[in-house]
Each structure stands twice: as C-alpha cells, then as structure tokens.
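Just below is one structure, and these are the notes that go with it.
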Amino acid sequence: MKLLGITCLSMMLMPSLGSTETLGEADIRRDIIGKTVYLSTPLGGELPLIFRSSGKVDGNGQAIGLGRYVKPSDTGQWWIDANRLCQKFQSWNKGKPMCFELERAGANTIKWTWDNGKTGVARIGN
C-alpha cells in the first residue's frame, strides 16, 4: 500500500511525457529575451540568435556554413504578437516577418512552430 501511494504521488508530480506547455508573452520575455537561442539545424550544428532587450535580434550562421547560401549573419527586430515570438531580419527570409509559437520541451529546450507550419527545436543559452 505504501508503494502504491509513493507511485501515485510521483506520477502526479512528474510532468507527463508528451505534454507540452505553450509559452505566453510573459514566458517569452522571461525565458527568451536577453538570451541566446541556439536553433538546431537539419545538417547538424546550431544557429545562434541573440534576442536583446532593446528589441534587436542578431543571428550568426558562419559556424554552420550559412554563407554558402545566404548572408552568413544578419540583424533585425523582434516583437511578441498574440503569444508568438516574431522577428524580421534585414535580408534573411527576404526581409519578411516570421512568427513562431513556442512550447517548452525541457528545462532549456523549446520546440518552435513557424507560422508556415515548419517546426524545430532550440536550446536556450545565457
């Protein structure tokens, strides 16, 4: 009986596998802004994006060879719209705005869903 009680308590306290928590505006400001977010890339490596509290975002893809395809680094602006983190770079994505819904996927990991349906994961650094 004691084992059953401990098992039930641990199941209530542990987050269920597969459950997700969508980040709202306050979560985004607390967990993302002022930090570097490292986007995992399909070919390996990470693309760092620095979300500054001033509303500026800096990206640098030199380490993953982004310069072969587009400008290797770019700057732009970020904002929050309807609990989505949006950004607009000078040249990346042809200067068009991009918005992402973010979900917590671990202590320092988020899953992002772009408004065009593409998804991926990122690691939150300092």
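Residue numbering restarts at 1 in every chain; chains get A, B, ... in the order shown in the structure tokens, and ligands count up from 1 in that same order.
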
Find the residues of segment 71-96 of chain A that sit at most 12 Å from segment 42-52 of chain A; for each, write down the nearest two atoms and how far apart they are in Å, to one decimal. Count only C-alpha atoms. Sort by chain, then by number going up, and give it as a tab-separated table.
residue	atom	partner	partner_atom	distance
A:Pro72	CA	A:Leu47	CA	10.2
A:Ser73	CA	A:Leu49	CA	9.8
A:Asp74	CA	A:Leu49	CA	9.6
A:Thr75	CA	A:Leu49	CA	9.3
A:Gly76	CA	A:Phe51	CA	9.7
A:Gln77	CA	A:Phe51	CA	8.7
A:Trp78	CA	A:Phe51	CA	7.3
A:Trp79	CA	A:Phe51	CA	9.8
A:Ile80	CA	A:Phe51	CA	11.8
A:Leu85	CA	A:Phe51	CA	10.3
A:Cys86	CA	A:Phe51	CA	10.9
A:Gln87	CA	A:Phe51	CA	9.6
A:Lys88	CA	A:Phe51	CA	11.9
A:Phe89	CA	A:Leu49	CA	11.1

Name the residues of segment 77-106 of chain A that come out as helix (DSSP H, G or I) in a backbone DSSP run; write them as an MDAnalysis selection string. chainID A and resid 92:95

What would the file look like if the residues just selected were written as a PDB file, in the first residue's frame with N, CA, C and O atoms?
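result07.pdb written:
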ATOM      1  N   TRP A  92      17.655  37.945 -44.234  1.00  0.00           N
ATOM      2  CA  TRP A  92      17.167  36.578 -44.074  1.00  0.00           C
ATOM      3  C   TRP A  92      15.663  36.545 -44.299  1.00  0.00           C
ATOM      4  O   TRP A  92      14.945  37.480 -43.942  1.00  0.00           O
ATOM      5  N   ASN A  93      15.171  35.484 -44.862  1.00  0.00           N
ATOM      6  CA  ASN A  93      13.761  35.310 -45.210  1.00  0.00           C
ATOM      7  C   ASN A  93      13.271  36.471 -46.091  1.00  0.00           C
ATOM      8  O   ASN A  93      12.121  36.881 -46.009  1.00  0.00           O
ATOM      9  N   LYS A  94      14.199  36.998 -46.906  1.00  0.00           N
ATOM     10  CA  LYS A  94      13.901  38.109 -47.826  1.00  0.00           C
ATOM     11  C   LYS A  94      13.330  39.319 -47.092  1.00  0.00           C
ATOM     12  O   LYS A  94      12.539  40.075 -47.645  1.00  0.00           O
ATOM     13  N   GLY A  95      13.720  39.496 -45.836  1.00  0.00           N
ATOM     14  CA  GLY A  95      13.268  40.634 -45.049  1.00  0.00           C
ATOM     15  C   GLY A  95      11.816  40.562 -44.618  1.00  0.00           C
ATOM     16  O   GLY A  95      11.272  41.530 -44.099  1.00  0.00           O
TER      17      GLY A  95
END

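Atom CA of Gly61 of chain A is found 14.5 Å from atom CA of Gln90 of chain A.
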